[in-house]
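> After the C-alpha cells below, expect a handful of questions from me.
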Amino acid sequence: MSSPNPLTVESGSNERWKFLRDVLVFQFKMLLDNIRDFALMPVSLVAALIDLIFKGQRHGSLFYQRPRCGAHSEEVINVYSAIEAHERPGVNPNYTVDAVIARLEGVLVRECEKGGTAASIKAAMDRAIDHSQLETSGPRDRAREAVVRVTKKFRSNLDSPPPDRDSES
C-alpha cells in the first residue's frame with residue numbers, strides 16, 4: 001500500500017479548518033445580528049412614540065435614525081461574508097418583502113378608493129395573495145421535489161446493510 005500524498009492531506013485539512021471557521025463565524029455573526037434586531041425592536045418603537053408625542057425638526061426624525069443605525073450595523077456584521085467567494089443567489093425584485101407589501105397596499109388603496117366594503121377588500125387581498133402564490137409555485141414545487149429526492153436517497157443509505165469488513169481484507 002502506498003501512503004497518501006502529504007500535500008493532498010494537508011490541502012484537505014486546510015479546507016476543513018476553513019470550513020469549520022466559516023461555520024463558527026457564521027453562527028457568531030447570526031447571534032450578533034439577532035441580538036441587534038432584538039435590541040432594535042423596542043428602541044425603534046420608543047423612538048417612534050417619542051416622535052409622535054414631541055415633534056422634532058421633521059416628523060419621525062428620531063425613528064428614522066434607528067433603521068439607519070440598523071442598516072449600518074448590518075453592513076458591519078456582514079453575516080453572509082462566508083459566501084462572498086461564491087456566487088450569491090439572485091433575488092427576483094417582485095418577491096422581496098417590500099414588493100409584496102407594496103402590492104398588497106396597492107390592492108388595499110384601490111379597493112378603499114372604490115368605496116369597497118370590508119368583504120370586498122378581503123376578497124381582493126385574497127386574490128392578490130393567491131396570485132403571488134401561483135406565480136411562485138414553480139420554484140416551490142422544484143424545492144419540494146429536491147427535498148423528496150434527498151430524503152429517499154438518505155433513507156436508502158440508512159436501509160442498506162453495512163459493508164462486510166471481513167471481505168474487504
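Simple scheme: letters A, B, ... for chains in C-alpha cells order, numbers from 1 for residues in each chain, numbers from 1 for ligands in the order shown.
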Find the spatial neighbours of range 74-83 of chain A, counting only C-alpha atoms, within a cut-off of 9 Å - ignore same-chain residues fewer than 2 positions away - and output them as a ChimeraX atom specification.
/A:22-23,25-30,32-33,36,69-72,85-88
> For the residues in the current selection, export N, CA and C atoms as an mmCIF file, in the first residue's frame.

```cif
data_model
loop_
_atom_site.group_PDB
_atom_site.id
_atom_site.type_symbol
_atom_site.label_atom_id
_atom_site.label_comp_id
_atom_site.auth_asym_id
_atom_site.auth_seq_id
_atom_site.Cartn_x
_atom_site.Cartn_y
_atom_site.Cartn_z
ATOM 1 N N ASP A 22 -15.563 29.048 9.058
ATOM 2 C CA ASP A 22 -16.707 29.731 8.459
ATOM 3 C C ASP A 22 -18.004 29.400 9.186
ATOM 4 N N VAL A 23 -18.161 28.141 9.603
ATOM 5 C CA VAL A 23 -19.373 27.740 10.339
ATOM 6 C C VAL A 23 -19.442 28.482 11.673
ATOM 7 N N VAL A 25 -17.858 31.285 12.619
ATOM 8 C CA VAL A 25 -18.005 32.732 12.417
ATOM 9 C C VAL A 25 -19.439 33.061 12.005
ATOM 10 N N PHE A 26 -20.019 32.234 11.122
ATOM 11 C CA PHE A 26 -21.403 32.457 10.689
ATOM 12 C C PHE A 26 -22.350 32.398 11.884
ATOM 13 N N GLN A 27 -22.184 31.393 12.750
ATOM 14 C CA GLN A 27 -23.044 31.266 13.926
ATOM 15 C C GLN A 27 -22.878 32.473 14.856
ATOM 16 N N PHE A 28 -21.645 32.913 15.048
ATOM 17 C CA PHE A 28 -21.386 34.076 15.899
ATOM 18 C C PHE A 28 -22.039 35.334 15.310
ATOM 19 N N LYS A 29 -21.899 35.510 13.994
ATOM 20 C CA LYS A 29 -22.496 36.678 13.346
ATOM 21 C C LYS A 29 -24.023 36.627 13.399
ATOM 22 N N MET A 30 -24.598 35.428 13.250
ATOM 23 C CA MET A 30 -26.051 35.300 13.364
ATOM 24 C C MET A 30 -26.495 35.696 14.770
ATOM 25 N N LEU A 32 -24.933 37.802 16.830
ATOM 26 C CA LEU A 32 -24.821 39.265 16.914
ATOM 27 C C LEU A 32 -25.972 39.948 16.178
ATOM 28 N N ASP A 33 -26.291 39.444 14.993
ATOM 29 C CA ASP A 33 -27.366 40.018 14.185
ATOM 30 C C ASP A 33 -28.702 39.929 14.915
ATOM 31 N N ARG A 36 -28.770 42.338 17.866
ATOM 32 C CA ARG A 36 -29.005 43.686 17.348
ATOM 33 C C ARG A 36 -30.482 43.881 17.022
ATOM 34 N N CYS A 69 -29.130 53.229 11.716
ATOM 35 C CA CYS A 69 -28.165 52.572 12.610
ATOM 36 C C CYS A 69 -28.187 51.054 12.371
ATOM 37 N N GLY A 70 -29.385 50.492 12.218
ATOM 38 C CA GLY A 70 -29.511 49.058 11.963
ATOM 39 C C GLY A 70 -28.885 48.662 10.638
ATOM 40 N N ALA A 71 -29.096 49.468 9.596
ATOM 41 C CA ALA A 71 -28.511 49.169 8.288
ATOM 42 C C ALA A 71 -26.992 49.227 8.348
ATOM 43 N N HIS A 72 -26.476 50.223 9.063
ATOM 44 C CA HIS A 72 -25.018 50.341 9.200
ATOM 45 C C HIS A 72 -24.454 49.137 9.951
ATOM 46 N N ALA A 85 -16.999 34.553 -1.800
ATOM 47 C CA ALA A 85 -16.207 33.935 -2.865
ATOM 48 C C ALA A 85 -17.094 33.120 -3.805
ATOM 49 N N HIS A 86 -18.303 32.846 -3.388
ATOM 50 C CA HIS A 86 -19.236 32.060 -4.190
ATOM 51 C C HIS A 86 -20.283 32.999 -4.782
ATOM 52 N N GLU A 87 -20.940 32.535 -5.814
ATOM 53 C CA GLU A 87 -21.980 33.353 -6.429
ATOM 54 C C GLU A 87 -23.201 33.405 -5.510
ATOM 55 N N ARG A 88 -23.653 34.596 -5.233
ATOM 56 C CA ARG A 88 -24.845 34.761 -4.407
ATOM 57 C C ARG A 88 -26.080 34.571 -5.274
#
```
> Just list as an MDAnalysis selection string whatever in range 18-147 of chain A DSSP marks as alpha helix (DSSP H).
chainID A and resid 18:53 61:77 97:113 118:135 137:147
> Quick one: everything within 8 Å of range 128-131 of chain A, counting only C-alpha atoms, minus sequence neighbours fewer than 2 positions away in the same chain. Send it as a VMD selection string.
chain A and resid 103 to 104 107 124 to 126 133 to 135
> Let me see the file: selected residues, N, CA, C and O atoms, as a compact mmCIF listing (two decimals), in the first residue's frame.

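What follows is the written file out-v6.txt:
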```txt
# COMPACT_ATOMS: atom_id res chain seq x y z
N ARG A 103 -47.46 45.60 -3.18
CA ARG A 103 -48.55 45.04 -3.99
C ARG A 103 -49.84 44.96 -3.18
O ARG A 103 -50.91 45.34 -3.64
N LEU A 104 -49.74 44.48 -1.95
CA LEU A 104 -50.94 44.37 -1.10
C LEU A 104 -51.47 45.74 -0.71
O LEU A 104 -52.69 45.96 -0.65
N VAL A 107 -53.48 47.07 -3.61
CA VAL A 107 -54.81 46.46 -3.65
C VAL A 107 -55.71 47.13 -2.62
O VAL A 107 -56.86 47.49 -2.91
N ALA A 124 -60.36 40.97 -2.46
CA ALA A 124 -59.30 41.48 -3.33
C ALA A 124 -57.92 41.11 -2.78
O ALA A 124 -57.02 40.74 -3.55
N MET A 125 -57.74 41.20 -1.48
CA MET A 125 -56.47 40.81 -0.85
C MET A 125 -56.23 39.31 -1.05
O MET A 125 -55.11 38.89 -1.36
N ASP A 126 -57.27 38.51 -0.87
CA ASP A 126 -57.15 37.07 -1.08
C ASP A 126 -56.73 36.77 -2.51
O ASP A 126 -55.88 35.91 -2.75
N GLN A 133 -48.94 33.45 -4.79
CA GLN A 133 -48.61 32.05 -4.54
C GLN A 133 -48.56 31.26 -5.83
O GLN A 133 -47.71 30.39 -6.01
N LEU A 134 -49.45 31.56 -6.76
CA LEU A 134 -49.47 30.88 -8.05
C LEU A 134 -48.19 31.19 -8.84
O LEU A 134 -47.60 30.30 -9.45
N GLU A 135 -47.77 32.44 -8.80
CA GLU A 135 -46.54 32.84 -9.51
C GLU A 135 -45.31 32.14 -8.97
O GLU A 135 -44.36 31.90 -9.72
```
> From the set A:Asn34, A:Ser61, A:Asn157, A:Ser137, which residue has the shortest atom-to-atom contact distance to Ala47 in chain A, counting only C-alpha atoms?
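Answer, going by the shortest atom-to-atom distance: A:Ser61.
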> Write out as a count of residues only the residues lying within 9 Å of Ser132 in chain A, counting only C-alpha atoms and excluding same-chain residues fewer than 5 positions away.
4
> So what do you get for CA of Ala48 in chain A versus CA of Glu105 in chain A, distance-wise?
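Between these atoms lies a distance of 21.4 Å.
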